[in-house]
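S.K.: One structure coming up, written as structure tokens, with questions to follow.
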Amino acid sequence: MSSLPPLPAQPSGTPWPTDEWPIGDLHASADQAKLARLVDHAFAATPPEDLGETQALVVIQHGRLVLERYGAGYGPDVTCHSWSMAKSITQALVGFLVDEGKLDIMQPADVREWRERAGDPRRAITLDLLLRMSSGLAFVEDYAPDHPSDVIEMLWGKGKDDVAHFASSFPLAHAPGSFFSYSSGTTNIVSRCASQAADAFGPDFEAFMRRRLLDPLGMRSARPKFDKAGTFIGSSFCFATPRDFARFGLLYLRGGVWEGKRLLPGRWIDYARTPTWQQPTEDGPYGAHWWLGLAGPGSFSAQGYDGQYIVLVPQLDMVLVRNGKTPAAMKNNVKRWLADIADCFRN
């Protein structure tokens with residue numbers, strides 16, 4: 001972790017955005033002409049074929065809102081999908097419990113389905129392996145309606161009433177720790193472990209979320225979704241406005257500090273952005289429920305289906321939020337577009 005680039009502190013004199021975002025100006029060194037072309041392209045009246053529909057773009061630099069644009073029907077008060085950006089929120093919730101000593105990520109995860117049979121090899125799966133998508137569990141993460149898909153069955157089919165039980169019932173496909181496989185089922189197992197550690201399910205766990213994370217940041221629009229078993233569906237469902245997603249991003253960019261108070265340990269933020277695999281996956285390198293490197297070295301991001309992004313660029317002291325509806329085949333185009341947005345601010 002010592003090789004990680006430092007995270008910037010909130011600039012002196014810049015208010016924290018708990019109540020409202022302070023407004024700033026684009027720096028004179030920014031390539032404003034290129035930036036305007038990129039933004040105008042994304043928000044064209046007819047969604048461009050390379051990006052699909054962009055609903056919102058929020059750019060925070062040095063703790064201030066410097067650029068904001070919305071598509072038709074969207075605005076600062078309209079909530080958007082998180083989809084898998086919720087995974088990074090789940091990682092934060094686990095961090096609170098680790099800090100309290102209620103969870104140890106290096107110990108076997110407390111999963112009842114794996115304790116039921118003596119010698120079950122899944123007992124070797126730790127929370128660390130789950131957070132790094134390296135559990136070895138068989139789980140098909142595919143959103144195409146005509147493809148076999150465990151994630152669709154979990155969220156909308158026979159697993160929807162108890163997402164963690166559904167996901168934890170899968171056998172091993174690989175030895176724990178030997179194979180990276182991105183899985184929403186994995187996150188919902190983590191989410192239930194967090195509820196067990198907090199001794200709180202359903203409304204009680206939502207109260208925990210609000211007390212420890214959402215309320216301190218001023219994320220008043222946030223709406224987490226729970227299954228009938230009371231588990232936060234941390235893989236996929238925490239609706240919020242783009243400005244509130246930016247607040248969550250700023251917490252991590254500030255190393256877990258908010259309004260001068262430490263909410264999450266700095267080591268937990270560093271854990272999130274420490275690579276799981278040195279070699280990139282198809283979608284880039286991965287940390288612990290955060291993706292790495294989208295906008296250059298040291299950047300890390302929460303990413304969701306249909307092109308939802310919270311991108312943190314420590315080198316530029318920047319948070320980028322993009323919400324939209326982009327077909328999966330175009331997702332790399334959106335990633336390049338976001339990287340190009342960030343590049344407009346490089347000297």
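Residue names in the structure tokens use chain letters A, B, ... in the order shown, residue numbers from 1 in each chain, and ligand numbers from 1 in the order shown.
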Taking the chain letters and numbering used in this document, name the residues of region 61-199 of chain A that DSSP puts in helix (DSSP H, G or I), as an MDAnalysis selection string.
M.R.: chainID A and resid 85:99 112:115 121:124 127:131 150:156 163:168 184:198
S.K.: Please give the complete set of residues from region 29-65 of chain A that DSSP, run on the backbone, assigns to strand (DSSP E), formatted as a list of chain:residue names.
M.R.: A:Glu53, A:Thr54, A:Gln55, A:Ala56, A:Leu57, A:Val58, A:Val59, A:Ile60, A:Gln61, A:Arg64, A:Leu65
S.K.: Output the selection as a compact mmCIF listing (two decimals), in the first residue's frame - all heavy atoms for each residue.
M.R.:
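Just written: selection.txt:
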# COMPACT_ATOMS: atom_id res chain seq x y z
N GLU A 53 -27.23 7.10 -24.19
CA GLU A 53 -27.82 8.24 -23.48
C GLU A 53 -27.00 8.62 -22.25
O GLU A 53 -26.76 7.80 -21.37
CB GLU A 53 -29.25 7.88 -23.05
CG GLU A 53 -29.95 8.97 -22.26
CD GLU A 53 -31.28 8.51 -21.71
OE1 GLU A 53 -31.73 7.39 -22.06
OE2 GLU A 53 -31.87 9.26 -20.91
N THR A 54 -26.57 9.86 -22.20
CA THR A 54 -25.93 10.40 -21.00
C THR A 54 -26.95 11.26 -20.27
O THR A 54 -27.47 12.23 -20.82
CB THR A 54 -24.68 11.23 -21.34
OG1 THR A 54 -23.72 10.38 -21.99
CG2 THR A 54 -24.05 11.82 -20.08
N GLN A 55 -27.26 10.88 -19.06
CA GLN A 55 -28.29 11.57 -18.27
C GLN A 55 -27.70 12.69 -17.41
O GLN A 55 -28.37 13.69 -17.16
CB GLN A 55 -29.02 10.56 -17.40
CG GLN A 55 -29.73 9.48 -18.22
CD GLN A 55 -30.08 8.26 -17.40
OE1 GLN A 55 -29.65 8.11 -16.25
NE2 GLN A 55 -30.86 7.36 -17.98
N ALA A 56 -26.47 12.51 -16.96
CA ALA A 56 -25.88 13.49 -16.05
C ALA A 56 -24.36 13.41 -16.10
O ALA A 56 -23.78 12.33 -16.25
CB ALA A 56 -26.36 13.25 -14.62
N LEU A 57 -23.73 14.56 -15.95
CA LEU A 57 -22.29 14.66 -15.75
C LEU A 57 -22.05 15.69 -14.65
O LEU A 57 -22.54 16.83 -14.75
CB LEU A 57 -21.56 15.09 -17.02
CG LEU A 57 -20.07 15.42 -16.85
CD1 LEU A 57 -19.28 14.16 -16.49
CD2 LEU A 57 -19.51 16.08 -18.10
N VAL A 58 -21.34 15.30 -13.63
CA VAL A 58 -20.96 16.20 -12.55
C VAL A 58 -19.45 16.13 -12.40
O VAL A 58 -18.88 15.03 -12.31
CB VAL A 58 -21.65 15.81 -11.23
CG1 VAL A 58 -21.06 16.59 -10.05
CG2 VAL A 58 -23.15 16.06 -11.31
N VAL A 59 -18.79 17.27 -12.39
CA VAL A 59 -17.34 17.33 -12.23
C VAL A 59 -17.03 18.16 -10.99
O VAL A 59 -17.43 19.33 -10.89
CB VAL A 59 -16.65 17.95 -13.46
CG1 VAL A 59 -15.13 17.99 -13.25
CG2 VAL A 59 -16.99 17.17 -14.73
N ILE A 60 -16.32 17.54 -10.05
CA ILE A 60 -15.87 18.20 -8.83
C ILE A 60 -14.36 18.31 -8.90
O ILE A 60 -13.67 17.33 -9.15
CB ILE A 60 -16.26 17.37 -7.57
CG1 ILE A 60 -17.76 17.03 -7.58
CG2 ILE A 60 -15.85 18.10 -6.31
CD1 ILE A 60 -18.70 18.20 -7.58
N GLN A 61 -13.83 19.50 -8.68
CA GLN A 61 -12.38 19.66 -8.58
C GLN A 61 -12.06 20.56 -7.41
O GLN A 61 -12.70 21.60 -7.20
CB GLN A 61 -11.78 20.22 -9.88
CG GLN A 61 -10.24 20.16 -9.86
CD GLN A 61 -9.59 20.50 -11.18
OE1 GLN A 61 -10.06 21.38 -11.89
NE2 GLN A 61 -8.51 19.81 -11.51
N ARG A 64 -14.97 21.56 -5.19
CA ARG A 64 -16.03 22.45 -5.68
C ARG A 64 -16.64 21.91 -6.97
O ARG A 64 -15.96 21.24 -7.76
CB ARG A 64 -15.47 23.86 -5.92
CG ARG A 64 -15.03 24.55 -4.63
CD ARG A 64 -14.48 25.95 -4.92
NE ARG A 64 -14.10 26.62 -3.68
CZ ARG A 64 -14.90 27.38 -2.94
NH1 ARG A 64 -16.16 27.58 -3.35
NH2 ARG A 64 -14.48 27.96 -1.82
N LEU A 65 -17.91 22.20 -7.16
CA LEU A 65 -18.61 21.83 -8.38
C LEU A 65 -18.20 22.79 -9.50
O LEU A 65 -18.51 23.99 -9.43
CB LEU A 65 -20.12 21.90 -8.14
CG LEU A 65 -21.05 21.62 -9.32
CD1 LEU A 65 -20.89 20.20 -9.82
CD2 LEU A 65 -22.50 21.87 -8.91
S.K.: Residues of region 85-122 of chain A that approach region 129-135 of chain A to 9 Å or less, counting only C-alpha atoms: could you list each one with the shortest pair of atoms and its distance in Å to one decimal, rows by chain and increasing residue number, as JSON lines?
M.R.:
{"residue": "A:Gln91", "atom": "CA", "partner": "A:Leu131", "partner_atom": "CA", "distance": 7.5}
{"residue": "A:Ile105", "atom": "CA", "partner": "A:Leu129", "partner_atom": "CA", "distance": 8.3}
{"residue": "A:Met106", "atom": "CA", "partner": "A:Leu129", "partner_atom": "CA", "distance": 8.3}
{"residue": "A:Ala109", "atom": "CA", "partner": "A:Leu130", "partner_atom": "CA", "distance": 8.5}
{"residue": "A:Arg122", "atom": "CA", "partner": "A:Ser135", "partner_atom": "CA", "distance": 8.3}
S.K.: Now that the selection is made, can you save its residues with all heavy atoms as a tab-separated table (two decimals), in the first residue's frame?
M.R.:
chain	number	residue	atom	x	y	z
A	91	GLN	N	-18.70	-1.70	0.23
A	91	GLN	CA	-17.33	-1.76	0.75
A	91	GLN	C	-17.14	-0.77	1.89
A	91	GLN	O	-16.48	-1.08	2.89
A	91	GLN	CB	-16.33	-1.49	-0.38
A	91	GLN	CG	-14.91	-1.92	-0.07
A	91	GLN	CD	-14.03	-0.77	0.42
A	91	GLN	OE1	-14.46	0.37	0.54
A	91	GLN	NE2	-12.78	-1.09	0.70
A	105	ILE	N	-11.64	-9.20	7.87
A	105	ILE	CA	-11.74	-9.61	6.47
A	105	ILE	C	-10.81	-10.77	6.12
A	105	ILE	O	-10.99	-11.41	5.09
A	105	ILE	CB	-11.49	-8.44	5.50
A	105	ILE	CG1	-10.09	-7.85	5.70
A	105	ILE	CG2	-12.57	-7.38	5.66
A	105	ILE	CD1	-9.71	-6.83	4.64
A	106	MET	N	-9.82	-11.05	6.97
A	106	MET	CA	-8.89	-12.13	6.67
A	106	MET	C	-9.33	-13.47	7.27
A	106	MET	O	-8.68	-14.49	7.05
A	106	MET	CB	-7.49	-11.77	7.18
A	106	MET	CG	-6.89	-10.57	6.48
A	106	MET	SD	-6.84	-10.79	4.66
A	106	MET	CE	-6.28	-9.17	4.14
A	109	ALA	N	-15.42	-16.08	5.99
A	109	ALA	CA	-16.67	-15.34	6.05
A	109	ALA	C	-17.73	-16.15	6.80
A	109	ALA	O	-17.78	-17.38	6.69
A	109	ALA	CB	-17.15	-15.02	4.64
A	122	ARG	N	-15.85	-24.34	0.76
A	122	ARG	CA	-16.18	-22.92	0.71
A	122	ARG	C	-15.89	-22.23	2.05
A	122	ARG	O	-15.85	-20.99	2.12
A	122	ARG	CB	-17.64	-22.73	0.31
A	122	ARG	CG	-17.96	-23.24	-1.09
A	122	ARG	CD	-19.43	-23.17	-1.41
A	122	ARG	NE	-20.22	-24.01	-0.51
A	122	ARG	CZ	-21.54	-24.13	-0.56
A	122	ARG	NH1	-22.24	-23.44	-1.46
A	122	ARG	NH2	-22.19	-24.91	0.28
S.K.: Go through region 7-92 of chain A and flag each residue having an atom no more than 7 Å from region 224-245 of chain A; for those, report the closest pair of atoms plus their distance in Å to one decimal, using only C-alpha atoms, ordered by chain and rising number, as a Markdown table.
M.R.:
| residue | atom | partner | partner_atom | distance |
| --- | --- | --- | --- | --- |
| A:Ala56 | CA | A:Pro242 | CA | 6.9 |
| A:Val58 | CA | A:Pro242 | CA | 6.7 |
| A:Pro76 | CA | A:Thr241 | CA | 6.5 |
| A:Asp77 | CA | A:Thr241 | CA | 6.1 |
| A:Val78 | CA | A:Thr241 | CA | 5.7 |
| A:Thr79 | CA | A:Thr241 | CA | 4.2 |
| A:Cys80 | CA | A:Ala240 | CA | 5.5 |
| A:His81 | CA | A:Phe239 | CA | 5.0 |
| A:Ser82 | CA | A:Phe239 | CA | 5.5 |
| A:Trp83 | CA | A:Ser236 | CA | 4.1 |
| A:Ser84 | CA | A:Ser236 | CA | 4.7 |
| A:Ala86 | CA | A:Ser236 | CA | 5.4 |
| A:Lys87 | CA | A:Ser235 | CA | 5.0 |
| A:Thr90 | CA | A:Gly234 | CA | 5.6 |
S.K.: At what distance in Å, to one decimal, does CA of Val311 (chain A) lie from CA of Glu100 (chain A)?
M.R.: 27.9 Å
S.K.: When you count only C-alpha atoms, which of these residues is closest to Arg346 (chain A): A:Asp215, A:Asp31, A:Glu113, A:Asp25?
M.R.: A:Asp31
S.K.: Which residue gives the smallest distance to Thr14 (chain A) among A:His62, A:Arg212, A:His27, A:Arg37, with only C-alpha atoms counted?
M.R.: A:His62
